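Student: So here's target_1.cif (mmCIF, C-alpha atoms).
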```
data_entry
#
loop_
_atom_site.group_PDB
_atom_site.id
_atom_site.type_symbol
_atom_site.label_atom_id
_atom_site.label_comp_id
_atom_site.auth_asym_id
_atom_site.auth_seq_id
_atom_site.Cartn_x
_atom_site.Cartn_y
_atom_site.Cartn_z
ATOM 1 C CA MET A 20 -68.301 164.599 -36.753
ATOM 2 C CA ALA A 21 -65.148 166.594 -37.359
ATOM 3 C CA LYS A 22 -62.758 167.599 -34.627
ATOM 4 C CA TRP A 23 -62.303 171.251 -33.739
ATOM 5 C CA GLY A 24 -60.137 172.885 -36.384
ATOM 6 C CA GLU A 25 -60.549 170.169 -39.009
ATOM 7 C CA GLY A 26 -63.946 171.205 -40.376
ATOM 8 C CA ASP A 27 -66.655 168.932 -41.741
ATOM 9 C CA PRO A 28 -66.353 167.681 -45.345
ATOM 10 C CA ARG A 29 -70.151 167.869 -45.698
ATOM 11 C CA TRP A 30 -70.001 171.638 -45.210
ATOM 12 C CA ILE A 31 -67.195 172.882 -47.448
ATOM 13 C CA VAL A 32 -67.580 176.496 -48.579
ATOM 14 C CA GLU A 33 -65.773 178.426 -51.270
ATOM 15 C CA GLU A 34 -62.798 180.394 -49.993
ATOM 16 C CA ARG A 35 -60.467 182.951 -51.543
ATOM 17 C CA ALA A 36 -56.709 182.530 -51.585
ATOM 18 C CA ASP A 37 -56.528 184.558 -48.355
ATOM 19 C CA ALA A 38 -58.845 181.996 -46.686
ATOM 20 C CA LYS A 39 -61.775 184.394 -46.379
ATOM 21 C CA ASN A 40 -65.262 183.046 -46.953
ATOM 22 C CA VAL A 41 -66.537 184.691 -50.143
ATOM 23 C CA ASN A 42 -70.196 184.118 -49.309
ATOM 24 C CA ASN A 43 -70.168 185.169 -45.645
ATOM 25 C CA TRP A 44 -71.320 181.593 -44.965
ATOM 26 C CA HIS A 45 -70.162 180.112 -41.702
ATOM 27 C CA TRP A 46 -70.024 176.612 -40.348
ATOM 28 C CA THR A 47 -67.846 176.602 -37.271
ATOM 29 C CA GLU A 48 -67.482 173.820 -34.766
ATOM 30 C CA ARG A 49 -66.042 173.497 -31.275
ATOM 31 C CA ASP A 50 -65.262 170.018 -30.009
ATOM 32 C CA VAL A 51 -66.480 169.627 -26.411
ATOM 33 C CA SER A 52 -65.969 165.866 -26.198
ATOM 34 C CA SER A 53 -63.259 166.129 -23.555
ATOM 35 C CA TRP A 54 -65.410 168.306 -21.301
ATOM 36 C CA SER A 55 -68.429 166.078 -21.923
ATOM 37 C CA SER A 56 -66.544 162.928 -21.006
ATOM 38 C CA SER A 57 -65.277 164.451 -17.782
ATOM 39 C CA ARG A 58 -68.660 165.911 -16.847
ATOM 40 C CA LEU A 59 -70.616 162.743 -17.593
ATOM 41 C CA ARG A 60 -68.226 160.720 -15.443
ATOM 42 C CA GLN A 61 -68.504 163.229 -12.601
ATOM 43 C CA LEU A 62 -72.301 163.309 -12.695
ATOM 44 C CA LEU A 63 -72.702 159.537 -12.861
ATOM 45 C CA LEU A 64 -70.423 159.015 -9.876
ATOM 46 C CA GLU A 65 -72.824 161.161 -7.850
ATOM 47 C CA VAL A 66 -75.683 158.668 -8.314
ATOM 48 C CA ARG A 67 -76.665 157.075 -4.992
ATOM 49 C CA VAL A 68 -79.959 155.508 -3.903
ATOM 50 C CA GLU A 69 -81.148 154.263 -0.535
ATOM 51 C CA GLY A 70 -84.074 152.148 0.600
ATOM 52 C CA ALA A 71 -85.181 149.686 3.217
ATOM 53 C CA GLU A 72 -83.322 147.008 1.251
ATOM 54 C CA GLY A 73 -79.974 148.831 1.503
ATOM 55 C CA VAL A 74 -77.801 151.363 -0.327
ATOM 56 C CA CYS A 75 -76.543 151.444 -3.928
ATOM 57 C CA GLN A 76 -73.810 153.724 -5.285
ATOM 58 C CA VAL A 77 -72.291 154.130 -8.747
ATOM 59 C CA THR A 78 -68.591 153.468 -8.188
ATOM 60 C CA ASP A 79 -66.952 153.629 -11.606
ATOM 61 C CA VAL A 80 -67.535 154.410 -15.281
ATOM 62 C CA ASP A 81 -65.649 151.854 -17.352
ATOM 63 C CA LYS A 82 -67.130 152.679 -20.762
ATOM 64 C CA LEU A 83 -67.647 156.181 -22.127
ATOM 65 C CA GLU A 84 -67.562 156.229 -25.915
ATOM 66 C CA GLY A 85 -68.766 159.042 -28.133
ATOM 67 C CA GLU A 86 -68.346 162.708 -29.006
ATOM 68 C CA ALA A 87 -69.973 166.105 -28.651
ATOM 69 C CA SER A 88 -69.667 169.469 -30.352
ATOM 70 C CA ILE A 89 -71.224 172.922 -30.452
ATOM 71 C CA ASN A 90 -71.771 174.213 -33.976
ATOM 72 C CA ASN A 91 -72.632 177.621 -35.360
ATOM 73 C CA ARG A 92 -74.450 177.325 -38.669
ATOM 74 C CA LYS A 93 -75.493 180.639 -40.232
ATOM 75 C CA GLY A 94 -75.851 182.282 -36.848
ATOM 76 C CA LYS A 95 -77.717 179.400 -35.185
ATOM 77 C CA LEU A 96 -76.171 177.254 -32.455
ATOM 78 C CA ILE A 97 -76.598 173.513 -32.961
ATOM 79 C CA PHE A 98 -75.571 170.917 -30.398
ATOM 80 C CA PHE A 99 -74.459 167.430 -31.407
ATOM 81 C CA TYR A 100 -73.723 164.623 -28.959
ATOM 82 C CA GLU A 101 -73.764 160.848 -29.071
ATOM 83 C CA TRP A 102 -72.614 158.608 -26.222
ATOM 84 C CA GLN A 103 -72.620 154.995 -25.122
ATOM 85 C CA LEU A 104 -71.687 154.357 -21.519
ATOM 86 C CA ARG A 105 -71.468 151.724 -18.863
ATOM 87 C CA ALA A 106 -71.104 152.325 -15.144
ATOM 88 C CA GLY A 107 -70.538 149.931 -12.277
ATOM 89 C CA TRP A 108 -72.532 150.068 -9.067
ATOM 90 C CA LEU A 109 -72.037 148.606 -5.613
ATOM 91 C CA GLY A 110 -74.984 147.660 -3.431
ATOM 92 C CA VAL A 111 -74.853 146.911 0.277
ATOM 93 C CA SER A 112 -77.931 145.204 1.702
ATOM 94 C CA SER A 113 -79.397 146.104 5.070
ATOM 95 C CA SER A 114 -77.733 142.960 6.427
ATOM 96 C CA GLY A 115 -74.299 144.058 5.124
ATOM 97 C CA VAL A 116 -74.015 141.761 2.070
ATOM 98 C CA LYS A 117 -72.355 143.396 -0.953
ATOM 99 C CA TYR A 118 -73.498 143.063 -4.551
ATOM 100 C CA ARG A 119 -72.109 144.441 -7.797
ATOM 101 C CA GLY A 120 -73.860 145.343 -11.012
ATOM 102 C CA THR A 121 -73.813 147.571 -14.093
ATOM 103 C CA VAL A 122 -75.822 150.386 -15.663
ATOM 104 C CA ASP A 123 -75.782 150.637 -19.460
ATOM 105 C CA VAL A 124 -76.943 153.549 -21.631
ATOM 106 C CA SER A 125 -76.656 152.918 -25.359
ATOM 107 C CA ASN A 126 -78.434 155.862 -26.974
ATOM 108 C CA LEU A 127 -77.608 159.181 -25.269
ATOM 109 C CA SER A 128 -77.897 161.343 -28.369
ATOM 110 C CA ASP A 129 -79.247 164.656 -29.645
ATOM 111 C CA LYS A 130 -81.604 162.543 -31.771
ATOM 112 C CA ASN A 131 -83.361 161.067 -28.724
ATOM 113 C CA ASN A 132 -85.525 162.634 -26.057
ATOM 114 C CA LEU A 133 -84.445 162.179 -22.461
ATOM 115 C CA ASP A 134 -87.501 160.011 -21.741
ATOM 116 C CA ASP A 135 -86.573 157.723 -24.629
ATOM 117 C CA LEU A 136 -83.141 156.793 -23.263
ATOM 118 C CA ASP A 137 -82.578 153.057 -22.958
ATOM 119 C CA ILE A 138 -81.134 152.627 -19.444
ATOM 120 C CA SER A 139 -80.653 149.029 -18.359
ATOM 121 C CA VAL A 140 -79.557 147.799 -14.934
ATOM 122 C CA SER A 141 -78.244 144.304 -14.222
ATOM 123 C CA LEU A 142 -76.213 142.319 -11.734
ATOM 124 C CA CYS A 143 -72.758 141.013 -12.585
ATOM 125 C CA LYS A 144 -72.811 137.402 -13.766
ATOM 126 C CA ASP A 145 -71.399 135.919 -10.565
ATOM 127 C CA GLN A 146 -73.834 137.772 -8.286
ATOM 128 C CA PRO A 147 -76.915 136.114 -6.725
ATOM 129 C CA ASN A 148 -80.296 137.784 -7.049
ATOM 130 C CA THR A 149 -81.052 140.579 -4.588
ATOM 131 C CA PRO A 150 -83.847 143.090 -3.911
ATOM 132 C CA LEU A 151 -81.237 145.800 -4.495
ATOM 133 C CA LEU A 152 -81.545 145.130 -8.223
ATOM 134 C CA ASN A 153 -85.148 146.334 -8.091
ATOM 135 C CA VAL A 154 -84.061 149.399 -6.111
ATOM 136 C CA MET A 155 -81.635 150.325 -8.865
ATOM 137 C CA ARG A 156 -84.162 149.614 -11.612
ATOM 138 C CA ARG A 157 -86.867 151.592 -9.833
ATOM 139 C CA THR A 158 -84.993 154.549 -8.339
ATOM 140 C CA GLY A 159 -81.469 154.293 -9.716
ATOM 141 C CA VAL A 160 -82.639 154.556 -13.327
ATOM 142 C CA GLN A 161 -84.531 157.755 -12.479
ATOM 143 C CA LYS A 162 -81.410 159.308 -10.954
ATOM 144 C CA VAL A 163 -79.250 158.280 -13.900
ATOM 145 C CA ARG A 164 -81.776 159.820 -16.284
ATOM 146 C CA ARG A 165 -81.797 162.990 -14.176
ATOM 147 C CA VAL A 166 -78.007 163.457 -14.214
ATOM 148 C CA LEU A 167 -77.873 162.801 -17.972
ATOM 149 C CA GLY A 168 -80.491 165.517 -18.350
ATOM 150 C CA GLU A 169 -78.293 167.827 -16.285
ATOM 151 C CA TYR A 170 -75.394 167.175 -18.667
ATOM 152 C CA ILE A 171 -77.586 168.068 -21.660
ATOM 153 C CA HIS A 172 -78.817 171.218 -19.922
ATOM 154 C CA GLN A 173 -75.288 172.389 -19.141
ATOM 155 C CA LEU A 174 -74.119 171.642 -22.674
ATOM 156 C CA LYS A 175 -76.959 173.600 -24.278
ATOM 157 C CA SER A 176 -77.050 176.499 -21.831
ATOM 158 C CA GLY A 177 -73.348 177.206 -22.294
ATOM 159 C CA LEU A 178 -72.634 176.930 -18.578
ATOM 160 C CA LEU A 179 -70.029 174.152 -18.995
ATOM 161 C CA PRO A 180 -68.715 174.380 -15.398
ATOM 162 C CA THR A 181 -65.312 172.854 -16.168
ATOM 163 C CA VAL A 182 -64.843 173.873 -19.794
ATOM 164 C CA GLN A 183 -63.169 177.123 -18.709
ATOM 165 C CA ASN A 184 -60.151 175.075 -17.629
ATOM 166 C CA LEU A 185 -60.071 173.302 -20.997
ATOM 167 C CA MET A 186 -60.581 176.248 -23.342
ATOM 168 C CA SER A 187 -59.358 179.423 -21.655
ATOM 169 C CA PRO A 188 -58.660 180.969 -18.247
ATOM 170 C CA PRO A 189 -61.791 181.557 -16.153
ATOM 171 C CA LEU A 190 -63.612 184.787 -16.780
ATOM 172 C CA ARG A 191 -62.797 187.354 -14.150
ATOM 173 C CA SER A 192 -63.148 191.044 -13.615
ATOM 174 C CA PHE A 193 -60.365 193.083 -15.195
ATOM 175 C CA SER A 194 -61.217 196.091 -13.004
ATOM 176 C CA SER A 195 -59.901 196.655 -9.517
ATOM 177 C CA THR A 196 -61.563 199.910 -8.549
ATOM 178 C CA SER A 197 -63.343 199.790 -5.206
ATOM 179 C CA PRO A 198 -66.918 201.075 -5.111
ATOM 180 C CA SER A 199 -67.416 204.600 -3.868
ATOM 181 C CA ASN A 200 -70.445 206.291 -2.408
ATOM 182 C CA THR A 201 -73.433 207.034 -4.635
ATOM 183 C CA GLY A 202 -73.626 210.683 -5.669
ATOM 184 C CA VAL A 203 -69.860 211.319 -5.665
ATOM 185 C CA ARG A 204 -68.770 212.850 -8.958
ATOM 186 C CA ILE A 205 -65.845 210.915 -10.371
ATOM 187 C CA PRO A 206 -63.437 211.802 -13.204
ATOM 188 C CA THR A 207 -63.877 209.729 -16.358
ATOM 189 C CA CYS A 208 -62.171 209.055 -19.673
ATOM 190 C CA SER A 209 -62.994 207.519 -23.056
ATOM 191 C CA PHE A 210 -61.367 205.163 -25.554
ATOM 192 C CA ASN A 211 -61.994 203.630 -28.969
ATOM 193 C CA LEU A 212 -61.328 200.184 -30.421
ATOM 194 C CA MET A 213 -61.643 198.731 -33.904
ATOM 195 C CA GLU A 214 -61.780 195.042 -34.848
ATOM 196 C CA THR A 215 -62.540 193.061 -38.002
ATOM 197 C CA PHE A 216 -64.592 189.842 -37.944
ATOM 198 C CA GLN A 217 -64.863 187.249 -40.705
ATOM 199 C CA THR A 218 -68.650 187.153 -40.652
ATOM 200 C CA SER A 219 -71.637 189.138 -41.841
ATOM 201 C CA ALA A 220 -72.947 192.158 -39.943
ATOM 202 C CA ASP A 221 -76.228 190.445 -39.095
ATOM 203 C CA GLU A 222 -74.448 187.463 -37.513
ATOM 204 C CA LEU A 223 -72.145 189.689 -35.480
ATOM 205 C CA TYR A 224 -75.057 191.868 -34.379
ATOM 206 C CA ARG A 225 -76.951 188.787 -33.213
ATOM 207 C CA THR A 226 -73.909 187.556 -31.293
ATOM 208 C CA PHE A 227 -74.037 190.588 -28.989
ATOM 209 C CA ILE A 228 -77.789 190.590 -28.251
ATOM 210 C CA ASN A 229 -78.685 186.881 -28.195
ATOM 211 C CA GLN A 230 -78.504 185.286 -24.727
ATOM 212 C CA GLU A 231 -77.560 181.843 -26.040
ATOM 213 C CA PHE A 232 -74.624 183.259 -27.999
ATOM 214 C CA VAL A 233 -73.447 185.457 -25.112
ATOM 215 C CA GLN A 234 -73.435 182.521 -22.701
ATOM 216 C CA VAL A 235 -71.342 180.439 -25.082
ATOM 217 C CA PHE A 236 -68.601 182.990 -25.818
ATOM 218 C CA MET A 237 -68.607 184.242 -22.197
ATOM 219 C CA ARG A 238 -68.498 180.602 -21.019
ATOM 220 C CA SER A 239 -70.603 181.648 -18.093
ATOM 221 C CA ALA A 240 -74.211 182.230 -17.128
ATOM 222 C CA ALA A 241 -75.769 185.372 -18.583
ATOM 223 C CA VAL A 242 -79.170 187.014 -18.772
ATOM 224 C CA VAL A 243 -79.669 189.065 -21.946
ATOM 225 C CA ASP A 244 -82.881 190.793 -22.997
ATOM 226 C CA GLY A 245 -81.882 191.928 -26.475
ATOM 227 C CA ARG A 246 -84.839 194.254 -26.996
ATOM 228 C CA HIS A 247 -84.619 198.059 -26.889
ATOM 229 C CA GLY A 248 -84.525 199.010 -23.201
ATOM 230 C CA GLY A 249 -83.731 195.422 -22.218
ATOM 231 C CA ARG A 250 -81.189 194.687 -19.510
ATOM 232 C CA CYS A 251 -78.377 192.185 -19.243
ATOM 233 C CA TRP A 252 -76.129 190.640 -16.638
ATOM 234 C CA MET A 253 -73.027 188.877 -17.911
ATOM 235 C CA GLY A 254 -70.044 186.994 -16.567
ATOM 236 C CA MET A 255 -71.730 185.741 -13.382
ATOM 237 C CA SER A 256 -72.830 189.310 -12.529
ATOM 238 C CA VAL A 257 -69.380 190.776 -13.212
ATOM 239 C CA GLU A 258 -70.966 193.085 -15.790
ATOM 240 C CA LYS A 259 -74.330 194.804 -16.118
ATOM 241 C CA CYS A 260 -75.843 196.732 -19.011
ATOM 242 C CA SER A 261 -79.021 198.019 -20.628
ATOM 243 C CA PHE A 262 -79.668 198.637 -24.315
ATOM 244 C CA LEU A 263 -80.275 202.287 -25.229
ATOM 245 C CA LEU A 264 -80.329 202.197 -29.022
ATOM 246 C CA GLN A 265 -80.391 199.441 -31.612
ATOM 247 C CA VAL A 266 -80.234 199.681 -35.368
ATOM 248 C CA PRO A 267 -80.457 196.046 -36.558
ATOM 249 C CA ASP A 268 -77.206 194.810 -38.105
ATOM 250 C CA GLN A 269 -75.664 198.297 -37.825
ATOM 251 C CA LYS A 270 -75.455 199.755 -34.332
ATOM 252 C CA ILE A 271 -75.820 198.914 -30.634
ATOM 253 C CA GLU A 272 -75.629 201.502 -27.869
ATOM 254 C CA MET A 273 -75.759 200.496 -24.221
ATOM 255 C CA ARG A 274 -75.207 201.649 -20.672
ATOM 256 C CA TRP A 275 -72.520 199.299 -19.350
ATOM 257 C CA ARG A 276 -70.680 198.865 -16.075
ATOM 258 C CA PHE A 277 -68.518 196.589 -14.025
ATOM 259 C CA MET A 278 -70.059 195.691 -10.699
ATOM 260 C CA THR A 279 -66.784 196.814 -9.060
ATOM 261 C CA TRP A 280 -67.179 200.353 -10.384
ATOM 262 C CA PRO A 281 -68.592 203.092 -8.131
ATOM 263 C CA SER A 282 -72.213 202.407 -7.316
ATOM 264 C CA GLU A 283 -74.633 203.101 -10.188
ATOM 265 C CA HIS A 284 -71.897 204.516 -12.409
ATOM 266 C CA TYR A 285 -72.263 203.461 -16.062
ATOM 267 C CA ALA A 286 -70.194 204.032 -19.167
ATOM 268 C CA THR A 287 -71.846 204.449 -22.571
ATOM 269 C CA VAL A 288 -70.669 201.852 -25.081
ATOM 270 C CA THR A 289 -71.446 202.228 -28.790
ATOM 271 C CA LEU A 290 -70.794 199.430 -31.275
ATOM 272 C CA ASP A 291 -70.889 200.451 -34.941
ATOM 273 C CA LEU A 292 -70.945 197.605 -37.477
ATOM 274 C CA LYS A 293 -69.936 198.121 -41.101
ATOM 275 C CA ASP A 294 -70.496 195.312 -43.585
ATOM 276 C CA ARG A 295 -67.407 195.122 -45.843
ATOM 277 C CA GLY A 296 -68.623 192.314 -48.094
ATOM 278 C CA ASP A 297 -66.732 189.295 -46.801
ATOM 279 C CA GLU A 298 -66.064 190.734 -43.343
ATOM 280 C CA THR A 299 -67.521 193.145 -40.813
ATOM 281 C CA GLU A 300 -65.677 196.082 -39.283
ATOM 282 C CA LEU A 301 -66.655 196.883 -35.716
ATOM 283 C CA LYS A 302 -65.853 200.217 -34.092
ATOM 284 C CA LEU A 303 -66.305 200.536 -30.348
ATOM 285 C CA GLU A 304 -66.539 203.828 -28.493
ATOM 286 C CA CYS A 305 -66.592 203.667 -24.702
ATOM 287 C CA ARG A 306 -67.347 206.941 -22.866
ATOM 288 C CA GLY A 307 -67.459 207.570 -19.132
ATOM 289 C CA VAL A 308 -64.925 204.989 -17.924
ATOM 290 C CA PRO A 309 -63.625 205.852 -14.426
ATOM 291 C CA THR A 310 -60.176 207.423 -14.672
ATOM 292 C CA GLY A 311 -57.534 204.783 -14.062
ATOM 293 C CA GLU A 312 -59.707 202.013 -15.507
ATOM 294 C CA GLU A 313 -59.118 202.735 -19.204
ATOM 295 C CA ASP A 314 -56.363 200.165 -19.824
ATOM 296 C CA SER A 315 -58.058 197.328 -17.951
ATOM 297 C CA THR A 316 -61.440 198.017 -19.567
ATOM 298 C CA ARG A 317 -59.876 198.208 -23.030
ATOM 299 C CA GLU A 318 -58.061 194.915 -22.383
ATOM 300 C CA GLY A 319 -61.258 193.339 -21.140
ATOM 301 C CA TRP A 320 -63.306 194.222 -24.204
ATOM 302 C CA THR A 321 -60.505 192.996 -26.448
ATOM 303 C CA ARG A 322 -59.964 189.710 -24.633
ATOM 304 C CA PHE A 323 -63.344 188.692 -23.242
ATOM 305 C CA TYR A 324 -65.503 189.982 -26.091
ATOM 306 C CA PHE A 325 -63.619 190.308 -29.377
ATOM 307 C CA GLN A 326 -61.074 187.498 -28.976
ATOM 308 C CA ALA A 327 -63.588 185.223 -27.237
ATOM 309 C CA ILE A 328 -66.115 185.653 -30.070
ATOM 310 C CA LYS A 329 -63.457 184.887 -32.694
ATOM 311 C CA GLN A 330 -62.177 181.814 -30.858
ATOM 312 C CA THR A 331 -65.644 180.453 -30.124
ATOM 313 C CA PHE A 332 -67.418 181.024 -33.446
ATOM 314 C CA GLY A 333 -64.535 181.165 -35.885
ATOM 315 C CA TYR A 334 -65.186 184.756 -36.889
#
```
Is it possible to express this structure as structure tokens?
Tutor:
Amino acid sequence: MAKWGEGDPRWIVEERADAKNVNNWHWTERDVSSWSSSRLRQLLLEVRVEGAEGVCQVTDVDKLEGEASINNRKGKLIFFYEWQLRAGWLGVSSSGVKYRGTVDVSNLSDKNNLDDLDISVSLCKDQPNTPLLNVMRRTGVQKVRRVLGEYIHQLKSGLLPTVQNLMSPPLRSFSSTSPSNTGVRIPTCSFNLMETFQTSADELYRTFINQEFVQVFMRSAAVVDGRHGGRCWMGMSVEKCSFLLQVPDQKIEMRWRFMTWPSEHYATVTLDLKDRGDETELKLECRGVPTGEEDSTREGWTRFYFQAIKQTFGY
């Protein structure tokens, strides 16, 4: 698996001298191994089981070998991960005697189902037998399997709780207007933006209406119903929208607002996509922005949509 920025020799595509993909064919990859390593360690250290025999707690992770990446192949997100790990656990019997052991997982991989993971629990060589070993094998293994499933869920859903600190500043509202009372007529303004993306129009169109894609480039939870009339909430409820008009691969029109804007006030955002052969030109028109919010809204669309999409998917 290639590191972010190096590419994968199995997926080399023809490029022009200006480095543009002549076939609009994209294989982009983001290395999330660092986040994965940190998150796996954090989740495993939360494993704790109790019973009549005593208490067992994972105390350290001394082996964490592997890699993980999120790939975009022809508009489809593919998740690769492969890990081998070993964690140490400390058990304290009901009588106060301490025991130490290990938990080994050798096949945490996108090729294996969660139920097929080989999770083995043992005591350290110098430790006498104890009922706590059965507690770990019976209940501890279930908890380890559960937290590994949580890691996979977070990786695939795009939530990545700590990846914001590794990849970019946390998403935040770039509007500071305080809400006003419903029914108050407010002055508004409009603005236009234009951006070019190194991808096909159909891929770029899908990026804006597909929930999985939105969650990844937003690096936050999102709910997106990409159908005509469907609604969306993005950026942990920072933004809200509904789709008014869609012309596949050509145009998206939506009612869009920041939650900090005056109550129930929406702007109308139109995205026009023009396929230019080896790139797509996107023109944005935003009408009905509260006066005083033009610069911050313009900056937000540029940074948290356009730049984020380019950085995440290599467009």
Student: Can you tell me which residues surround region 130-147 of chain A at a distance of at most 12 Å, considering only C-alpha atoms, apart from same-chain residues fewer than 2 positions away, and format the answer as a tab-separated table (two decimals) with C-alpha atoms, keeping the file's coordinate frame?
Tutor:
```tsv
chain	number	residue	atom	x	y	z
A	75	CYS	CA	-76.54	151.44	-3.93
A	77	VAL	CA	-72.29	154.13	-8.75
A	98	PHE	CA	-75.57	170.92	-30.40
A	99	PHE	CA	-74.46	167.43	-31.41
A	100	TYR	CA	-73.72	164.62	-28.96
A	101	GLU	CA	-73.76	160.85	-29.07
A	102	TRP	CA	-72.61	158.61	-26.22
A	103	GLN	CA	-72.62	155.00	-25.12
A	104	LEU	CA	-71.69	154.36	-21.52
A	105	ARG	CA	-71.47	151.72	-18.86
A	106	ALA	CA	-71.10	152.32	-15.14
A	107	GLY	CA	-70.54	149.93	-12.28
A	108	TRP	CA	-72.53	150.07	-9.07
A	109	LEU	CA	-72.04	148.61	-5.61
A	110	GLY	CA	-74.98	147.66	-3.43
A	116	VAL	CA	-74.02	141.76	2.07
A	117	LYS	CA	-72.36	143.40	-0.95
A	118	TYR	CA	-73.50	143.06	-4.55
A	119	ARG	CA	-72.11	144.44	-7.80
A	120	GLY	CA	-73.86	145.34	-11.01
A	121	THR	CA	-73.81	147.57	-14.09
A	122	VAL	CA	-75.82	150.39	-15.66
A	123	ASP	CA	-75.78	150.64	-19.46
A	124	VAL	CA	-76.94	153.55	-21.63
A	125	SER	CA	-76.66	152.92	-25.36
A	126	ASN	CA	-78.43	155.86	-26.97
A	127	LEU	CA	-77.61	159.18	-25.27
A	128	SER	CA	-77.90	161.34	-28.37
A	149	THR	CA	-81.05	140.58	-4.59
A	150	PRO	CA	-83.85	143.09	-3.91
A	151	LEU	CA	-81.24	145.80	-4.50
A	152	LEU	CA	-81.54	145.13	-8.22
A	153	ASN	CA	-85.15	146.33	-8.09
A	154	VAL	CA	-84.06	149.40	-6.11
A	155	MET	CA	-81.64	150.32	-8.86
A	156	ARG	CA	-84.16	149.61	-11.61
A	157	ARG	CA	-86.87	151.59	-9.83
A	158	THR	CA	-84.99	154.55	-8.34
A	159	GLY	CA	-81.47	154.29	-9.72
A	160	VAL	CA	-82.64	154.56	-13.33
A	161	GLN	CA	-84.53	157.76	-12.48
A	162	LYS	CA	-81.41	159.31	-10.95
A	163	VAL	CA	-79.25	158.28	-13.90
A	164	ARG	CA	-81.78	159.82	-16.28
A	165	ARG	CA	-81.80	162.99	-14.18
A	166	VAL	CA	-78.01	163.46	-14.21
A	167	LEU	CA	-77.87	162.80	-17.97
A	168	GLY	CA	-80.49	165.52	-18.35
A	169	GLU	CA	-78.29	167.83	-16.28
A	170	TYR	CA	-75.39	167.18	-18.67
A	171	ILE	CA	-77.59	168.07	-21.66
A	172	HIS	CA	-78.82	171.22	-19.92
```
Student: Please report the interatomic distance between CA of Gln234 (chain A) and CA of Ser176 (chain A) in Å with one decimal.
Tutor: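 One can read the CA of Gln234 (chain A) to CA of Ser176 (chain A) distance as 7.1 Å.
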Student: Write out as an MDAnalysis selection string the residues lying within 6 Å of Glu258 (chain A), counting only C-alpha atoms and excluding same-chain residues fewer than 3 positions away.
Tutor: chainID A and resid 252:253 276:278
Student: Just to be explicit: take each residue in the selection above, keep C-alpha atoms, and write the result as an mmCIF file, in the coordinates of the input.
Tutor:
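Below you can see selection_33.cif, which holds the result:
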```cif
data_model
loop_
_atom_site.group_PDB
_atom_site.id
_atom_site.type_symbol
_atom_site.label_atom_id
_atom_site.label_comp_id
_atom_site.auth_asym_id
_atom_site.auth_seq_id
_atom_site.Cartn_x
_atom_site.Cartn_y
_atom_site.Cartn_z
ATOM 1 C CA TRP A 252 -76.129 190.640 -16.638
ATOM 2 C CA MET A 253 -73.027 188.877 -17.911
ATOM 3 C CA ARG A 276 -70.680 198.865 -16.075
ATOM 4 C CA PHE A 277 -68.518 196.589 -14.025
ATOM 5 C CA MET A 278 -70.059 195.691 -10.699
#
```
Student: Within 6 Å of Lys302 (chain A), counting all atoms listed in the file, which residues qualify if same-chain residues fewer than 5 places away don't, as a VMD selection string?
Tutor: chain A and resid 212 to 213 290 to 291
Student: Spell out the residues picked by the PyMOL selection byres ((chain A and resi 232) around 12) here, as a ChimeraX atom specification.
Tutor: /A:89-91,94-97,175-178,222-231,233-243,245,253,324,327-328,331-332
Student: So, counting all atoms listed in the file, which residue among A:Glu304, A:Glu72, A:Glu48, A:Glu214 is closest to Trp275 (chain A)?
Tutor: A:Glu304
Student: Which neighbours of region 308-319 of chain A fall inside 9 Å, counting only C-alpha atoms, when residues of the same chain fewer than 2 positions from it are skipped, and could you give them as a PyMOL selection string?
Tutor: chain A and resi 192-196+205-212+276+280-281+284-287+305-306+321-324
Student: Please dump the current selection as an mmCIF file, in the coordinates of the input; keep C-alpha atoms.
Tutor:
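The new file selection-v3.cif reads:
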```cif
data_model
loop_
_atom_site.group_PDB
_atom_site.id
_atom_site.type_symbol
_atom_site.label_atom_id
_atom_site.label_comp_id
_atom_site.auth_asym_id
_atom_site.auth_seq_id
_atom_site.Cartn_x
_atom_site.Cartn_y
_atom_site.Cartn_z
ATOM 1 C CA SER A 192 -63.148 191.044 -13.615
ATOM 2 C CA PHE A 193 -60.365 193.083 -15.195
ATOM 3 C CA SER A 194 -61.217 196.091 -13.004
ATOM 4 C CA SER A 195 -59.901 196.655 -9.517
ATOM 5 C CA THR A 196 -61.563 199.910 -8.549
ATOM 6 C CA ILE A 205 -65.845 210.915 -10.371
ATOM 7 C CA PRO A 206 -63.437 211.802 -13.204
ATOM 8 C CA THR A 207 -63.877 209.729 -16.358
ATOM 9 C CA CYS A 208 -62.171 209.055 -19.673
ATOM 10 C CA SER A 209 -62.994 207.519 -23.056
ATOM 11 C CA PHE A 210 -61.367 205.163 -25.554
ATOM 12 C CA ASN A 211 -61.994 203.630 -28.969
ATOM 13 C CA LEU A 212 -61.328 200.184 -30.421
ATOM 14 C CA ARG A 276 -70.680 198.865 -16.075
ATOM 15 C CA TRP A 280 -67.179 200.353 -10.384
ATOM 16 C CA PRO A 281 -68.592 203.092 -8.131
ATOM 17 C CA HIS A 284 -71.897 204.516 -12.409
ATOM 18 C CA TYR A 285 -72.263 203.461 -16.062
ATOM 19 C CA ALA A 286 -70.194 204.032 -19.167
ATOM 20 C CA THR A 287 -71.846 204.449 -22.571
ATOM 21 C CA CYS A 305 -66.592 203.667 -24.702
ATOM 22 C CA ARG A 306 -67.347 206.941 -22.866
ATOM 23 C CA THR A 321 -60.505 192.996 -26.448
ATOM 24 C CA ARG A 322 -59.964 189.710 -24.633
ATOM 25 C CA PHE A 323 -63.344 188.692 -23.242
ATOM 26 C CA TYR A 324 -65.503 189.982 -26.091
#
```
Student: Tell me which residues the PyMOL selection byres ((chain A and resi 260) around 6) grabs here, as a ChimeraX atom specification.
Tutor: /A:250-251,259,261,274-275
Student: Figure out the distance between CA of Ser52 (chain A) and CA of Thr218 (chain A), please, to one decimal in Å.
Tutor: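 Straight-line distance from CA of Thr218 (chain A) to CA of Ser52 (chain A) works out to 25.9 Å.
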